[in-house]
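Dumped model-v6.tsv below, it's TSV, C-alpha atoms and all ligand atoms:
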chain	number	residue	atom	x	y	z
S	680	MET	CA	10.43	-9.64	12.59
S	681	ALA	CA	7.90	-11.13	10.23
S	682	SER	CA	7.10	-9.03	7.20
S	683	ALA	CA	3.77	-8.30	5.63
S	684	PRO	CA	2.66	-10.33	2.66
S	685	SER	CA	3.42	-8.60	-0.59
S	686	SER	CA	0.85	-7.48	-3.10
S	687	THR	CA	2.77	-8.84	-6.05
S	688	ALA	CA	1.89	-12.52	-6.18
S	689	SER	CA	-1.67	-13.68	-5.73
S	690	SER	CA	-3.21	-10.36	-4.84
S	691	ALA	CA	-6.42	-9.11	-6.35
S	692	THR	CA	-6.33	-6.93	-9.40
S	693	GLY	CA	-9.63	-5.21	-8.82
S	694	THR	CA	-11.26	-7.53	-11.30
S	695	PRO	CA	-13.65	-9.86	-9.56
S	696	GLY	CA	-13.08	-13.45	-10.65
S	697	ARG	CA	-11.50	-15.64	-8.00
S	698	VAL	CA	-14.52	-17.04	-6.22
S	699	HIS	CA	-12.86	-19.95	-4.46
S	700	LEU	CA	-10.15	-19.50	-1.89
S	701	PRO	CA	-6.70	-20.40	-3.20
S	702	ASP	CA	-5.21	-23.67	-1.87
S	703	THR	CA	-2.47	-21.59	-0.30
S	704	ALA	CA	-4.92	-19.72	1.97
S	705	ARG	CA	-3.52	-19.99	5.48
S	706	ASP	CA	-4.54	-17.01	7.56
S	707	LEU	CA	-8.09	-15.73	7.18
S	708	VAL	CA	-8.28	-12.26	8.66
S	709	LYS	CA	-11.29	-10.06	9.27
S	710	ILE	CA	-10.56	-6.39	8.64
S	711	LEU	CA	-12.82	-3.36	9.00
S	712	VAL	CA	-12.69	-0.64	6.37
S	713	THR	CA	-14.32	2.23	8.15
S	714	GLY	CA	-14.75	5.97	8.09
S	715	PRO	CA	-17.37	8.66	7.67
S	716	PHE	CA	-20.00	8.93	5.01
S	717	GLY	CA	-18.61	9.49	1.51
S	718	VAL	CA	-14.97	8.86	2.38
S	719	GLY	CA	-14.46	5.99	-0.06
S	720	LYS	CA	-15.12	2.73	1.82
S	721	THR	CA	-17.29	1.21	-0.91
S	722	THR	CA	-14.87	2.45	-3.58
S	723	LEU	CA	-11.89	0.85	-1.85
S	724	ILE	CA	-13.57	-2.52	-1.39
S	725	ASP	CA	-14.76	-2.45	-5.01
S	726	SER	CA	-11.26	-1.68	-6.23
S	727	VAL	CA	-9.53	-4.57	-4.46
S	728	SER	CA	-12.09	-7.34	-4.06
S	729	GLU	CA	-11.52	-10.56	-5.96
S	730	ILE	CA	-15.13	-11.60	-5.39
S	731	VAL	CA	-18.10	-9.54	-6.51
S	732	PRO	CA	-18.46	-7.24	-3.49
S	733	LEU	CA	-21.65	-7.20	-1.52
S	734	HIS	CA	-23.17	-3.81	-0.78
S	735	THR	CA	-26.12	-2.72	1.25
S	736	GLU	CA	-26.76	0.91	0.42
S	737	GLU	CA	-29.91	2.94	0.42
S	738	GLN	CA	-30.92	6.00	-1.50
S	739	LEU	CA	-30.08	9.19	0.34
S	740	THR	CA	-33.28	10.64	1.70
S	741	GLU	CA	-34.18	14.13	2.78
S	742	ALA	CA	-34.21	12.82	6.35
S	743	SER	CA	-30.68	11.43	6.22
S	744	ALA	CA	-29.43	14.56	4.47
S	745	GLN	CA	-29.97	16.27	7.82
S	746	VAL	CA	-27.56	13.94	9.59
S	747	ASP	CA	-25.08	12.85	6.91
S	748	ASP	CA	-22.72	15.70	6.20
S	749	LEU	CA	-22.82	16.32	2.45
S	750	GLU	CA	-20.11	18.94	2.47
S	751	GLY	CA	-17.63	17.97	-0.24
S	752	VAL	CA	-19.65	14.95	-1.38
S	753	ARG	CA	-22.55	16.68	-3.10
S	754	ASP	CA	-22.58	14.27	-6.04
S	755	LYS	CA	-23.10	11.25	-3.84
S	756	SER	CA	-26.65	9.92	-4.11
S	757	THR	CA	-26.53	6.91	-1.79
S	758	THR	CA	-25.77	6.71	1.89
S	759	THR	CA	-24.28	3.71	3.62
S	760	VAL	CA	-26.65	2.32	6.17
S	761	ALA	CA	-25.07	-1.09	6.49
S	762	ILE	CA	-21.99	-2.84	5.20
S	763	ASP	CA	-19.86	-3.63	2.20
S	764	PHE	CA	-18.10	-6.95	1.98
S	765	GLY	CA	-15.19	-8.06	-0.15
S	766	ARG	CA	-12.21	-10.39	-0.09
S	767	ILE	CA	-8.60	-10.20	-1.19
S	768	SER	CA	-5.95	-12.95	-1.16
S	769	LEU	CA	-2.44	-11.70	-0.55
S	770	ALA	CA	0.81	-13.48	-1.24
S	771	GLY	CA	1.89	-15.68	1.65
S	772	GLY	CA	-1.52	-17.25	2.20
S	773	VAL	CA	-3.09	-14.29	3.96
S	774	VAL	CA	-6.70	-13.66	2.99
S	775	LEU	CA	-8.39	-10.46	4.09
S	776	TYR	CA	-12.14	-10.36	4.54
S	777	LEU	CA	-13.06	-6.71	4.24
S	778	PHE	CA	-16.08	-5.30	6.03
S	779	GLY	CA	-16.95	-1.76	5.01
S	780	THR	CA	-18.54	-0.28	8.08
S	781	PRO	CA	-20.08	3.15	8.60
S	782	GLY	CA	-18.20	5.14	11.21
S	783	GLN	CA	-20.89	7.49	12.43
S	784	GLU	CA	-21.61	7.42	16.14
S	785	ARG	CA	-25.31	6.78	15.44
S	786	PHE	CA	-24.32	3.37	13.97
S	787	ARG	CA	-22.48	2.37	17.15
S	788	SER	CA	-24.37	-0.86	17.85
S	789	LEU	CA	-24.00	-1.98	14.23
S	790	TRP	CA	-20.33	-1.05	14.41
S	791	ASP	CA	-19.80	-3.09	17.58
S	792	ASP	CA	-21.49	-6.13	16.02
S	793	ILE	CA	-19.48	-5.96	12.82
S	794	ALA	CA	-16.23	-5.27	14.65
S	795	TYR	CA	-16.59	-8.53	16.57
S	796	GLY	CA	-13.70	-10.81	15.63
S	797	ALA	CA	-11.89	-8.23	13.51
S	798	LEU	CA	-8.11	-8.04	13.90
S	799	GLY	CA	-7.69	-4.49	12.69
S	800	ALA	CA	-9.22	-1.51	10.95
S	801	LEU	CA	-8.31	0.66	8.01
S	802	VAL	CA	-9.73	4.08	8.89
S	803	LEU	CA	-10.32	6.24	5.83
S	804	VAL	CA	-10.05	9.97	6.45
S	805	ASP	CA	-10.95	12.81	4.09
S	806	SER	CA	-8.53	15.67	4.71
S	807	ARG	CA	-11.20	18.15	3.54
S	808	ARG	CA	-13.41	17.04	6.44
S	809	ILE	CA	-11.13	15.86	9.22
S	810	ASP	CA	-13.65	16.45	11.97
S	811	ALA	CA	-16.03	14.01	10.25
S	812	SER	CA	-13.59	11.28	11.32
S	813	PHE	CA	-13.69	11.99	15.04
S	814	ASP	CA	-16.67	9.66	15.59
S	815	VAL	CA	-15.01	6.70	13.93
S	816	LEU	CA	-11.68	7.27	15.64
S	817	GLY	CA	-13.55	7.26	18.94
S	818	LEU	CA	-15.22	3.97	18.05
S	819	VAL	CA	-11.95	2.36	16.96
S	820	GLU	CA	-10.07	3.58	20.04
S	821	GLU	CA	-12.79	2.33	22.35
S	822	SER	CA	-12.81	-1.07	20.69
S	823	GLY	CA	-9.06	-1.41	21.17
S	824	LEU	CA	-8.65	-2.47	17.52
S	825	PRO	CA	-5.25	-1.72	16.03
S	826	TYR	CA	-5.67	0.55	13.04
S	827	THR	CA	-4.02	2.40	10.22
S	828	VAL	CA	-5.21	5.78	8.95
S	829	ALA	CA	-5.48	6.18	5.18
S	830	PHE	CA	-6.00	9.70	3.86
S	831	ASN	CA	-8.07	9.37	0.75
S	832	ALA	CA	-6.80	11.45	-2.12
S	833	PHE	CA	-9.52	13.83	-3.25
S	834	PRO	CA	-8.53	16.37	-5.91
S	835	ASP	CA	-9.56	19.42	-3.90
S	836	ALA	CA	-7.92	18.22	-0.67
S	837	PRO	CA	-5.93	20.97	1.06
S	838	SER	CA	-2.25	20.65	0.19
S	839	HIS	CA	-0.94	22.56	3.18
S	840	HIS	CA	-1.47	19.72	5.67
S	841	THR	CA	1.78	18.17	6.80
S	842	GLU	CA	1.83	14.67	8.28
S	843	GLU	CA	2.64	16.21	11.64
S	844	ARG	CA	-0.40	18.52	11.50
S	845	LEU	CA	-2.69	15.72	10.38
S	846	ARG	CA	-1.47	13.49	13.20
S	847	ALA	CA	-2.03	16.28	15.69
S	848	ALA	CA	-5.50	17.05	14.31
S	849	LEU	CA	-6.50	13.39	14.68
S	850	ASP	CA	-4.62	12.97	17.97
S	851	LEU	CA	-2.90	9.82	16.69
S	852	GLU	CA	-0.43	7.77	18.70
S	853	PRO	CA	3.09	7.98	17.24
S	854	ASP	CA	3.06	4.29	16.25
S	855	THR	CA	-0.27	4.46	14.39
S	856	PRO	CA	0.62	4.19	10.70
S	857	MET	CA	-0.67	6.89	8.38
S	858	VAL	CA	-0.70	6.59	4.59
S	859	THR	CA	-2.30	8.34	1.66
S	860	CYS	CA	-4.42	6.33	-0.70
S	861	ASP	CA	-6.57	6.64	-3.78
S	862	ALA	CA	-9.46	4.29	-3.08
S	863	ARG	CA	-10.23	4.06	-6.80
S	864	ASP	CA	-6.85	2.54	-7.48
S	865	ALA	CA	-6.39	-1.14	-6.56
S	866	ASN	CA	-2.63	-0.93	-6.02
S	867	SER	CA	-2.94	2.15	-3.84
S	868	SER	CA	-5.71	0.53	-1.79
S	869	ILE	CA	-3.73	-2.72	-1.45
S	870	ASP	CA	-0.70	-0.75	-0.25
S	871	ALA	CA	-2.86	0.80	2.48
S	872	LEU	CA	-4.12	-2.65	3.49
S	873	LEU	CA	-0.56	-4.03	3.51
S	874	THR	CA	0.49	-1.19	5.82
S	875	LEU	CA	-2.27	-2.26	8.20
S	876	VAL	CA	-1.26	-5.94	7.98
S	877	GLN	CA	2.36	-5.02	8.72
S	878	HIS	CA	1.15	-3.00	11.72
S	879	LEU	CA	-0.77	-6.03	13.01
S	880	ILE	CA	2.32	-8.23	12.58
S	881	ASP	CA	4.54	-5.67	14.32
S	882	ARG	CA	2.20	-5.60	17.31
S	883	HIS	CA	2.06	-9.38	17.67
S	884	PRO	CA	5.16	-10.77	15.94
S	885	SER	CA	5.01	-14.03	17.91
S	886	GLU	CA	1.59	-14.91	16.50
S	887	SER	CA	2.72	-14.60	12.88
S	888	ARG	CA	4.34	-17.65	11.44
L	901	LIG	N1	-10.87	11.51	-6.17
L	901	LIG	C1	-11.22	10.49	-5.39
L	901	LIG	N2	-12.52	10.20	-5.28
L	901	LIG	C2	-12.85	9.16	-4.47
L	901	LIG	C3	-11.88	8.42	-3.77
L	901	LIG	N3	-12.52	7.47	-3.02
L	901	LIG	C4	-13.82	7.63	-3.26
L	901	LIG	N4	-14.04	8.62	-4.14
L	901	LIG	C5	-15.34	9.09	-4.62
L	901	LIG	O1	-16.04	9.58	-3.48
L	901	LIG	C6	-17.42	9.23	-3.53
L	901	LIG	C7	-17.83	8.51	-2.28
L	901	LIG	O2	-17.20	7.26	-2.21
L	901	LIG	P1	-17.89	5.98	-1.52
L	901	LIG	O3	-16.95	4.82	-1.75
L	901	LIG	O4	-19.29	5.79	-1.97
L	901	LIG	O5	-17.89	6.41	0.01
L	901	LIG	P2	-18.45	5.61	1.30
L	901	LIG	O6	-19.68	6.31	1.74
L	901	LIG	O7	-17.35	5.73	2.32
L	901	LIG	O8	-18.68	4.17	0.90
L	901	LIG	C8	-17.59	8.40	-4.79
L	901	LIG	O9	-18.14	9.26	-5.80
L	901	LIG	C9	-16.19	7.96	-5.15
L	901	LIG	O10	-16.01	7.80	-6.55
L	901	LIG	C10	-10.50	8.78	-3.93
L	901	LIG	O11	-9.59	8.18	-3.35
L	901	LIG	N5	-10.23	9.81	-4.75
L	902	MG	MG	-20.43	3.10	0.98
Can I see the file as structure tokens?
Ligand SMILES: Nc1nc2c(ncn2[C@@H]2O[C@H](COP(=O)(O)OP(=O)(O)O)[C@@H](O)[C@H]2O)c(=O)[nH]1
Ligand SMILES: [Mg+2]
Amino acid sequence: MASAPSSTASSATGTPGRVHLPDTARDLVKILVTGPFGVGKTTLIDSVSEIVPLHTEEQLTEASAQVDDLEGVRDKSTTTVAIDFGRISLAGGVVLYLFGTPGQERFRSLWDDIAYGALGALVLVDSRRIDASFDVLGLVEESGLPYTVAFNAFPDAPSHHTEERLRAALDLEPDTPMVTCDARDANSSIDALLTLVQHLIDRHPSESR
């Protein structure tokens, strides 16, 4: 079985700088980084991207405060209405193009457009607000995209959740990988992305060279 590219060689360090693709770039892969409002999508793409990430965010308005659940994310003053974009080159010539995509049901048509051509999704879940992830899991399941769940490590996250309980709460298939991740930390975020890449390779080993 092919193995996932490692994060040790030409991976990003979280410091933007490499603008041009390395000569070794071989597989260019579109990946969605998705999840509910305030879960850490922008943070994760910022932490790993080797290019200056692109963001389209808008100030949180009174109107959107009615629909975007602010529970647990009170200090957040912007709400994602479109996408984040970043890039990371992994060892082995694999380059991930990361599209941060809001996972709320009301962004379904945007989600479908951005998901076009993606090979997989990293679904960020906040264990303080598991039900906020039901929309995005529905979108990912419907799209048929292979995905990995990354529980973002927030300091006040409940500690009593076992992996088994979290899997049951999210109704995950047994072969869907689940990891924990601190989106602020490049290595932790890269590990989550590598878990997803390995999952993609495991599903289609014949297509990986
Ligand atoms: N403690 C902790 N805070 C995080 C983590 N990821 C994101 N945050 C914080 O959560 C807030 C929302 O993150 P953001 O990336 O804007 O969420 P988005 O709406 O999904 O793009 C920000 O204040 C981040 O600093 C994490 O892994 N751990
Ligand atoms: Mg964002």
Mind running chain S against ligand LIG 901 (chain L) at 6 Å and telling me each contacting residue's nearest atom pair with the distance in Å (one decimal), counting only C-alpha atoms and all ligand atoms, chain and number ascending, as JSON lines?
{"residue": "S:Phe716", "atom": "CA", "partner": "L:LIG901", "partner_atom": "O6", "distance": 4.2}
{"residue": "S:Gly717", "atom": "CA", "partner": "L:LIG901", "partner_atom": "O6", "distance": 3.4}
{"residue": "S:Val718", "atom": "CA", "partner": "L:LIG901", "partner_atom": "O7", "distance": 3.9}
{"residue": "S:Gly719", "atom": "CA", "partner": "L:LIG901", "partner_atom": "O3", "distance": 3.2}
{"residue": "S:Lys720", "atom": "CA", "partner": "L:LIG901", "partner_atom": "O7", "distance": 3.8}
{"residue": "S:Thr721", "atom": "CA", "partner": "L:LIG901", "partner_atom": "O3", "distance": 3.7}
{"residue": "S:Thr722", "atom": "CA", "partner": "L:LIG901", "partner_atom": "O3", "distance": 3.6}
{"residue": "S:Lys755", "atom": "CA", "partner": "L:LIG901", "partner_atom": "O9", "distance": 5.7}
{"residue": "S:Thr759", "atom": "CA", "partner": "L:LIG901", "partner_atom": "O6", "distance": 5.6}
{"residue": "S:Asn831", "atom": "CA", "partner": "L:LIG901", "partner_atom": "O11", "distance": 4.5}
{"residue": "S:Ala832", "atom": "CA", "partner": "L:LIG901", "partner_atom": "O11", "distance": 4.5}
{"residue": "S:Phe833", "atom": "CA", "partner": "L:LIG901", "partner_atom": "N1", "distance": 4.0}
{"residue": "S:Pro834", "atom": "CA", "partner": "L:LIG901", "partner_atom": "N1", "distance": 5.4}
{"residue": "S:Asp861", "atom": "CA", "partner": "L:LIG901", "partner_atom": "O11", "distance": 3.4}
{"residue": "S:Ala862", "atom": "CA", "partner": "L:LIG901", "partner_atom": "O11", "distance": 3.9}
{"residue": "S:Arg863", "atom": "CA", "partner": "L:LIG901", "partner_atom": "O11", "distance": 5.4}
The selected residues should be written to file as an mmCIF file, in the coordinates of the input (atoms: C-alpha atoms).
data_model
loop_
_atom_site.group_PDB
_atom_site.id
_atom_site.type_symbol
_atom_site.label_atom_id
_atom_site.label_comp_id
_atom_site.auth_asym_id
_atom_site.auth_seq_id
_atom_site.Cartn_x
_atom_site.Cartn_y
_atom_site.Cartn_z
ATOM 1 C CA PHE S 716 -20.000 8.930 5.010
ATOM 2 C CA GLY S 717 -18.610 9.490 1.510
ATOM 3 C CA VAL S 718 -14.970 8.860 2.380
ATOM 4 C CA GLY S 719 -14.460 5.990 -0.060
ATOM 5 C CA LYS S 720 -15.120 2.730 1.820
ATOM 6 C CA THR S 721 -17.290 1.210 -0.910
ATOM 7 C CA THR S 722 -14.870 2.450 -3.580
ATOM 8 C CA LYS S 755 -23.100 11.250 -3.840
ATOM 9 C CA THR S 759 -24.280 3.710 3.620
ATOM 10 C CA ASN S 831 -8.070 9.370 0.750
ATOM 11 C CA ALA S 832 -6.800 11.450 -2.120
ATOM 12 C CA PHE S 833 -9.520 13.830 -3.250
ATOM 13 C CA PRO S 834 -8.530 16.370 -5.910
ATOM 14 C CA ASP S 861 -6.570 6.640 -3.780
ATOM 15 C CA ALA S 862 -9.460 4.290 -3.080
ATOM 16 C CA ARG S 863 -10.230 4.060 -6.800
#
Find the spatial neighbours of Thr703 of chain S, counting all atoms listed in the file, within a cut-off of 9 Å - ignore same-chain residues fewer than 2 positions away - and output them as an MDAnalysis selection string. chainID S and resid 700:701 705 770:773
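For the pair atom CA of Pro884 of chain S and atom CA of Gly765 of chain S, the separation is 26.1 Å.
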Non-local contacts of segment 792-800 of chain S (7 Å; all atoms listed in the file; under 4 positions in same chain excluded) as a ChimeraX atom specification: /S:708-713,788,824-827
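Among the candidates S:Val774, S:Ile869, S:Ala704, S:Cys860, the one nearest to Asp805 of chain S when counting all atoms listed in the file is S:Cys860.
For the set S:Leu879, S:Ser768, S:Asp864, S:Leu816, the residue with the smallest atom-to-atom gap to Asp702 of chain S is S:Ser768, counting only C-alpha atoms.
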For a quick check of understanding, using only C-alpha atoms, which of S:Ala865, S:Leu851, S:Ile762, S:Leu845 has the smallest distance to Leu723 of chain S? S:Ala865
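What separates atom CA of Thr874 of chain S from atom CA of Arg785 of chain S is a distance of 28.7 Å.
You will find atom CA of Phe813 of chain S at 21.9 Å from atom CA of Ile724 of chain S.
Environment of (-10.0, 15.8, 12.3): residues at most 6 Å away, judged by all atoms listed in the file, are Ile809, Asp810, Ser812, Phe813, Ala848 and Leu849 of chain S.
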Hey, which of S:Gln877, S:Ala836, S:Phe830, S:Leu775 ends up closest to Ser728 of chain S? Count all atoms listed in the file. S:Leu775
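For the residues S:Thr735, S:Ser822, S:Thr859, S:Ser806, ranking by smallest atom-to-atom distance to ligand MG 902 (chain L) using only C-alpha atoms and all ligand atoms places S:Thr735 first.
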Centre and edge lengths, as AutoDock Vina command-line options, for the axis-aligned box enclosing every listed atom of segment 729-732 of chain S with 5 Å of padding on each of the six sides, in Å to one decimal?
--center_x -15.0 --center_y -9.4 --center_z -5.0 --size_x 16.9 --size_y 14.4 --size_z 13.0
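Closest to ligand MG 902 (chain L) among S:Glu842, S:Asp763, S:Asp791, S:Glu852 is S:Asp763, based on only C-alpha atoms and all ligand atoms.
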